[in-house]
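Asker: What follows is the file protein.txt, containing compact mmCIF, C-alpha atoms:
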# COMPACT_ATOMS: atom_id res chain seq x y z
CA MET A 89 24.87 -22.45 -21.92
CA GLU A 90 23.27 -19.29 -23.31
CA ASN A 91 23.20 -18.88 -27.09
CA ASN A 92 24.57 -15.46 -27.91
CA GLN A 93 24.22 -15.90 -31.73
CA THR A 94 22.41 -12.90 -33.26
CA ILE A 95 20.30 -12.88 -36.39
CA GLU A 96 21.57 -10.40 -38.93
CA GLN A 97 18.92 -7.94 -40.13
CA PRO A 98 18.81 -7.14 -43.87
CA THR A 99 20.30 -3.85 -44.81
CA LYS A 100 18.30 -1.06 -46.39
CA GLN A 101 19.85 -1.86 -49.76
CA GLU A 102 18.82 -5.52 -49.48
CA ARG A 103 15.29 -4.56 -48.51
CA ARG A 104 15.06 -2.25 -51.50
CA GLU A 105 16.32 -5.00 -53.81
CA ARG A 106 13.84 -7.49 -52.40
CA LEU A 107 10.93 -5.03 -52.77
CA LYS A 108 12.06 -4.29 -56.31
CA GLN A 109 12.12 -8.01 -57.19
CA GLU A 110 8.69 -8.54 -55.64
CA LYS A 111 7.30 -5.59 -57.59
CA GLU A 112 8.80 -6.87 -60.85
CA THR A 113 7.37 -10.35 -60.18
CA GLU A 114 3.95 -8.83 -59.54
CA GLN A 115 4.13 -6.73 -62.71
CA ARG A 116 5.11 -9.79 -64.78
CA ALA A 117 2.15 -11.70 -63.35
CA ARG A 118 -0.21 -8.83 -64.22
CA ARG A 119 1.19 -8.60 -67.77
CA GLN A 120 0.77 -12.35 -68.26
CA SER A 121 -2.78 -12.21 -66.92
CA ARG A 122 -3.58 -9.28 -69.23
CA SER A 123 -2.07 -11.09 -72.20
CA MET A 124 -4.14 -14.17 -71.42
CA ARG A 125 -7.31 -12.08 -71.24
CA VAL A 126 -6.53 -10.40 -74.58
CA PHE A 127 -5.78 -13.76 -76.18
CA ARG A 128 -9.00 -15.23 -74.78
CA ASN A 129 -11.04 -12.27 -76.05
CA TYR A 130 -9.52 -12.55 -79.52
CA ALA A 131 -10.15 -16.30 -79.52
CA LEU A 132 -13.79 -15.81 -78.51
CA ALA A 133 -14.20 -13.10 -81.16
CA ALA A 134 -12.70 -15.39 -83.80
CA VAL A 135 -15.05 -18.21 -82.81
CA GLY A 136 -18.00 -15.79 -82.90
CA ILE A 137 -17.05 -14.47 -86.33
CA ALA A 138 -16.61 -18.02 -87.62
CA ALA A 139 -20.02 -19.01 -86.24
CA VAL A 140 -21.72 -15.98 -87.79
CA GLY A 141 -19.93 -16.56 -91.09
CA SER A 142 -20.96 -20.20 -91.06
CA GLY A 143 -24.56 -19.23 -90.28
CA ILE A 144 -24.65 -16.72 -93.13
CA TYR A 145 -23.09 -19.26 -95.49
CA PHE A 146 -25.69 -21.93 -94.69
CA LEU A 147 -28.49 -19.34 -94.85
CA LEU A 148 -27.35 -18.28 -98.29
CA LYS A 149 -26.99 -21.89 -99.37
CA SER A 150 -30.53 -22.62 -98.21
CA ALA A 151 -31.73 -19.62 -100.24
CA GLU A 152 -30.16 -20.93 -103.44
CA PRO A 153 -32.32 -22.76 -106.02
CA LYS A 154 -31.81 -26.51 -105.79
CA GLY A 155 -33.39 -27.86 -108.95
CA GLU A 156 -33.32 -27.43 -112.71
CA ASP A 157 -34.45 -24.14 -114.20
CA PHE A 158 -37.45 -25.04 -116.39
CA SER A 159 -38.20 -21.44 -117.34
CA ARG A 160 -37.43 -19.76 -120.65
CA ALA A 161 -36.39 -16.25 -121.55
CA ILE A 162 -39.07 -14.19 -123.28
CA PRO A 163 -38.25 -11.35 -125.71
CA LEU A 164 -38.78 -8.07 -123.89
CA MET A 165 -41.27 -5.45 -124.98
CA GLU A 166 -41.20 -1.73 -124.25
CA ALA A 167 -42.27 -1.01 -120.67
CA SER A 168 -44.61 1.89 -121.42
CA HIS A 169 -47.62 3.02 -119.42
CA ILE A 170 -51.02 2.95 -121.08
CA ALA A 171 -54.41 4.22 -119.97
CA LEU A 172 -57.19 1.92 -118.86
CA GLY A 173 -59.22 0.81 -121.87
CA SER A 174 -56.38 1.38 -124.34
CA LYS A 175 -55.95 -0.94 -127.30
CA LEU A 176 -53.66 -3.75 -126.16
CA PRO A 177 -50.66 -5.03 -128.15
CA GLU A 178 -49.91 -8.63 -129.00
CA TYR A 179 -47.64 -9.77 -126.18
CA THR A 180 -44.66 -12.08 -126.67
CA SER A 181 -45.90 -14.73 -124.23
CA ASN A 182 -49.01 -16.06 -122.50
CA PRO A 183 -49.19 -14.76 -119.84
CA PRO A 184 -47.21 -11.64 -120.74
CA THR A 185 -43.90 -10.98 -118.97
CA SER A 186 -43.19 -7.43 -120.18
CA GLY A 187 -44.68 -4.72 -122.36
CA PRO A 188 -47.21 -1.90 -122.11
CA HIS A 189 -49.05 -1.85 -118.78
CA TYR A 190 -51.29 0.20 -116.53
CA GLY A 191 -49.89 2.75 -114.12
CA GLN A 192 -51.21 0.96 -111.01
CA THR A 193 -49.80 -2.30 -109.66
CA ALA A 194 -51.85 -5.11 -108.12
CA ARG A 195 -51.73 -5.95 -104.43
CA SER A 196 -49.32 -8.76 -103.47
CA GLY A 197 -50.53 -12.06 -102.04
CA PHE A 198 -53.11 -14.71 -102.94
CA ARG A 199 -56.06 -13.45 -104.94
CA GLU A 200 -59.28 -15.24 -105.83
CA GLU A 201 -60.47 -12.65 -108.34
CA THR A 202 -59.14 -12.23 -111.87
CA ILE A 203 -56.87 -9.19 -112.28
CA PRO A 204 -56.12 -7.63 -115.69
CA ASP A 205 -52.70 -8.65 -116.97
CA GLN A 206 -51.70 -5.02 -117.48
CA HIS A 207 -51.75 -4.32 -113.74
CA ILE A 208 -49.61 -7.37 -112.96
CA ILE A 209 -47.11 -6.60 -115.74
CA HIS A 210 -46.38 -3.47 -113.71
CA ASN A 211 -45.71 -5.74 -110.70
CA LEU A 212 -43.24 -7.71 -112.80
CA GLU A 213 -41.51 -4.49 -113.79
CA HIS A 214 -40.98 -3.88 -110.05
CA GLY A 215 -39.37 -7.30 -109.59
CA ASP A 216 -42.41 -9.29 -108.43
CA VAL A 217 -43.12 -12.89 -109.38
CA TRP A 218 -46.59 -13.82 -110.68
CA ILE A 219 -48.14 -17.25 -110.19
CA ALA A 220 -51.10 -17.37 -112.57
CA TYR A 221 -53.28 -20.44 -111.99
CA HIS A 222 -56.15 -21.66 -114.16
CA PRO A 223 -59.50 -21.53 -112.33
CA ARG A 224 -60.11 -25.19 -113.22
CA LEU A 225 -57.56 -26.29 -110.61
CA ALA A 226 -58.89 -28.26 -107.65
CA ASP A 227 -59.56 -26.27 -104.49
CA GLU A 228 -56.88 -28.16 -102.56
CA ILE A 229 -54.26 -27.09 -105.13
CA LYS A 230 -55.37 -23.47 -104.78
CA GLU A 231 -54.96 -23.82 -101.02
CA GLU A 232 -51.44 -25.20 -101.56
CA LEU A 233 -50.57 -22.18 -103.70
CA LYS A 234 -51.16 -19.94 -100.67
CA GLN A 235 -47.84 -21.13 -99.21
CA PHE A 236 -46.06 -18.93 -101.78
CA GLN A 237 -47.64 -15.71 -100.54
CA ALA A 238 -44.89 -13.13 -100.01
CA ALA A 239 -44.22 -9.42 -100.35
CA LYS A 240 -42.87 -9.87 -103.88
CA VAL A 241 -45.29 -12.59 -105.08
CA ILE A 242 -48.80 -12.26 -106.48
CA ILE A 243 -50.98 -15.33 -107.05
CA SER A 244 -54.14 -14.96 -109.12
CA PRO A 245 -56.54 -16.95 -111.33
CA ARG A 246 -56.22 -16.51 -115.08
CA GLU A 247 -58.57 -18.28 -117.48
CA ALA A 248 -56.49 -17.27 -120.51
CA ASN A 249 -53.66 -19.58 -119.37
CA GLU A 250 -52.74 -22.28 -121.85
CA THR A 251 -51.51 -24.43 -118.95
CA ASP A 252 -52.63 -25.17 -115.39
CA ILE A 253 -49.99 -22.91 -113.89
CA ALA A 254 -47.70 -20.21 -115.27
CA VAL A 255 -44.98 -18.65 -113.14
CA ALA A 256 -43.77 -15.35 -114.56
CA ALA A 257 -41.16 -12.72 -113.85
CA TRP A 258 -39.91 -9.85 -116.00
CA GLY A 259 -38.81 -11.51 -119.26
CA ARG A 260 -39.06 -15.04 -117.80
CA LEU A 261 -41.78 -17.72 -117.89
CA ASP A 262 -42.30 -21.27 -116.66
CA ALA A 263 -45.67 -22.69 -117.76
CA PHE A 264 -46.74 -26.27 -117.03
CA ASP A 265 -49.66 -28.64 -116.40
CA MET A 266 -50.10 -30.58 -113.19
CA GLU A 267 -48.91 -34.19 -113.09
CA ASN A 268 -50.88 -36.63 -110.92
CA ASN A 269 -52.65 -33.61 -109.42
CA THR A 270 -49.42 -32.81 -107.52
CA LEU A 271 -48.14 -29.27 -107.15
CA PRO A 272 -44.40 -29.01 -108.01
CA VAL A 273 -43.54 -27.01 -104.90
CA GLU A 274 -39.74 -26.98 -105.30
CA ARG A 275 -40.01 -25.97 -108.95
CA ILE A 276 -42.07 -22.92 -108.01
CA LYS A 277 -39.85 -22.10 -105.01
CA ASP A 278 -36.76 -22.23 -107.21
CA PHE A 279 -38.32 -19.86 -109.75
CA ILE A 280 -39.14 -17.38 -106.99
CA LYS A 281 -35.57 -17.59 -105.64
CA ARG A 282 -34.05 -17.12 -109.08
CA TYR A 283 -36.18 -14.30 -110.46
CA THR A 284 -37.50 -12.16 -107.60
CA ASN A 285 -36.23 -8.56 -107.87
CA LYS A 286 -34.99 -9.05 -111.44
CA GLY A 287 -37.24 -6.43 -113.01
CA PRO A 288 -35.92 -3.18 -114.49
CA GLU A 289 -37.33 -1.27 -111.50
CA GLN A 290 -36.44 -2.98 -108.22
CA VAL A 291 -39.00 -1.67 -105.76
CA PRO A 292 -38.61 -3.05 -102.21
CA GLY A 293 -41.50 -4.31 -100.12
CA ALA A 294 -44.95 -5.54 -100.97
CA SER A 295 -46.81 -4.10 -103.92
CA GLY A 296 -50.06 -2.24 -103.32
CA GLY A 297 -52.88 -1.33 -105.64
CA ILE A 298 -56.05 -2.99 -106.80
Take the structure in the file and write it out as structure tokens.
Answerer:
Amino acid sequence: MENNQTIEQPTKQERRERLKQEKETEQRARRQSRSMRVFRNYALAAVGIAAVGSGIYFLLKSAEPKGEDFSRAIPLMEASHIALGSKLPEYTSNPPTSGPHYGQTARSGFREETIPDQHIIHNLEHGDVWIAYHPRLADEIKEELKQFQAAKVIISPREANETDIAVAAWGRLDAFDMENNTLPVERIKDFIKRYTNKGPEQVPGASGGI
């Protein structure tokens, strides 16, 4: 027996409704996908910012002094320029940490030759740190001192020292003798961290001069 049942075709209205629903479904899917991408980007940015912030925090923490501050404040003297060969005043510390000085700074870094205090006082005015070591120190200690070479650090021999080593900045001094022929590395590092760029004239970069 022949089946005469016919399949009803959707009307134009039904087709329009179905296309409309499909379009709305597709638009919702695109919006959800876009929202997920935005959320993911914000999440990645937040993680990146947190990582950078954490890195900066730990970098700053590592740059902080760790030990006791053994230095003492020294009364400041007038920071005037004097000509080479001028009569020198009586300074408030040995080595001096402020006061009248020559117009030319000394070159940063490790030096094996004695440099007049009045040049290096000018370095201190610019925010440098001075490690003055007595020439009697053993050669291996002098070699160890080279590790502190930096743009804002000058290291030089000074026979007038009352102690083996004196670490000076503008208005600040830590002078000490060696114990068991051992260089107190962290003590010197901490001084450099605390008092670099603390002079009245903060001049960036390495000092030049004699």
Asker: Using only C-alpha atoms, which of A:Leu176, A:Ala220, A:Val255, A:Ile209 sits nearest A:Lys277?
Answerer: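 Going through A:Leu176, A:Ala220, A:Val255, A:Ile209 one by one, the smallest distance to A:Lys277 is for A:Val255.
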Asker: Taking only C-alpha atoms into account, name the residue in A:Ser196, A:Thr202, A:Thr284, A:Thr185 that is nearest to A:Gly259.
Answerer: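 Closest residue, counting only C-alpha atoms: A:Thr185.
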Asker: Which protein, DNA or RNA residues are at most 10 Å from (-44.0, -17.3, -118.6) in the file's coordinates when you count only C-alpha atoms, listed as an MDAnalysis selection string?
Answerer: chainID A and resid 159:162 180:185 218:220 249 253:264
Asker: Hey, which of A:Pro163, A:Gly187, A:Pro223, A:Pro272 ends up closest to A:Asp252? Count all atoms listed in the file.
Answerer: A:Pro223
Asker: Would you mind reading off the distance between atom CA of A:Asp205 and atom CA of A:Glu228, one decimal, in Å?
Answerer: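 That distance, rounded to one decimal, is 24.6 Å.
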Asker: Between A:Val291, A:Tyr221, A:Phe279, A:Gly173, which has the minimum distance to A:Ala151 (counting all atoms listed in the file)?
Answerer: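 Of A:Val291, A:Tyr221, A:Phe279, A:Gly173, the one nearest A:Ala151, counting all atoms listed in the file, is A:Phe279.
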Asker: Please work out which residues fall within 12 Å of (-62.1, -12.2, -107.9), coordinates as given in the file, with all atoms listed in the file counting, and return them as a ChimeraX atom specification.
Answerer: /A:198-204,223,243-247,298
Asker: Please measure the separation of atom CA of A:Glu289 and atom CA of A:Gly215, giving the value in Å to one decimal.
Answerer: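 These atoms are spaced 6.6 Å apart.
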Asker: With only C-alpha atoms as the atoms that count, which of A:Ile229, A:Gln115, A:Leu132, A:Pro177 lies nearest to A:Met165?
Answerer: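 Among the listed residues, A:Pro177 lies closest to A:Met165.
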Asker: Could you pull the residues within 9 Å of A:Ile280, counting all atoms listed in the file, minus those fewer than 5 positions along the same chain, as a VMD selection string?
Answerer: chain A and resid 153 216 to 217 236 240 to 241 255 257 275
Asker: Only C-alpha atoms, please: the residues just picked out, written as a compact mmCIF listing (two decimals), in the frame of the given file.
Answerer:
# COMPACT_ATOMS: atom_id res chain seq x y z
CA PRO A 153 -32.32 -22.76 -106.02
CA ASP A 216 -42.41 -9.29 -108.43
CA VAL A 217 -43.12 -12.89 -109.38
CA PHE A 236 -46.06 -18.93 -101.78
CA LYS A 240 -42.87 -9.87 -103.88
CA VAL A 241 -45.29 -12.59 -105.08
CA VAL A 255 -44.98 -18.65 -113.14
CA ALA A 257 -41.16 -12.72 -113.85
CA ARG A 275 -40.01 -25.97 -108.95
Asker: By how many Å are atom CA of A:Ser123 and atom CA of A:Lys111 apart?
Answerer: 18.2 Å
Asker: Have a look at A:Ala226, A:Ala171, A:Leu107, A:Ala117 and name the one nearest to A:His207; count all atoms listed in the file.
Answerer: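 Smallest separation from A:His207 among the options: A:Ala171.
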Asker: Near A:Tyr190, within 6 Å and counting only C-alpha atoms, which residues show up once chain neighbours fewer than 3 positions away are dropped, as a list in words?
Answerer: His169, Ile170, Gln206 and His207 of chain A
Asker: Take the residues just selected and output them with C-alpha atoms as a CSV table (one decimal), in the coordinates of the input.
Answerer:
chain,number,residue,atom,x,y,z
A,169,HIS,CA,-47.6,3.0,-119.4
A,170,ILE,CA,-51.0,3.0,-121.1
A,206,GLN,CA,-51.7,-5.0,-117.5
A,207,HIS,CA,-51.8,-4.3,-113.7
Asker: Hey, can I get the axis-aligned box for stretch 189-208 of chain A? All listed atoms, 6 Å padding on each side, centre and edge lengths in Å to one decimal, as JSON.
Answerer:
{"center_x": -54.8, "center_y": -6.2, "center_z": -110.4, "size_x": 23.4, "size_y": 30.0, "size_z": 28.7}
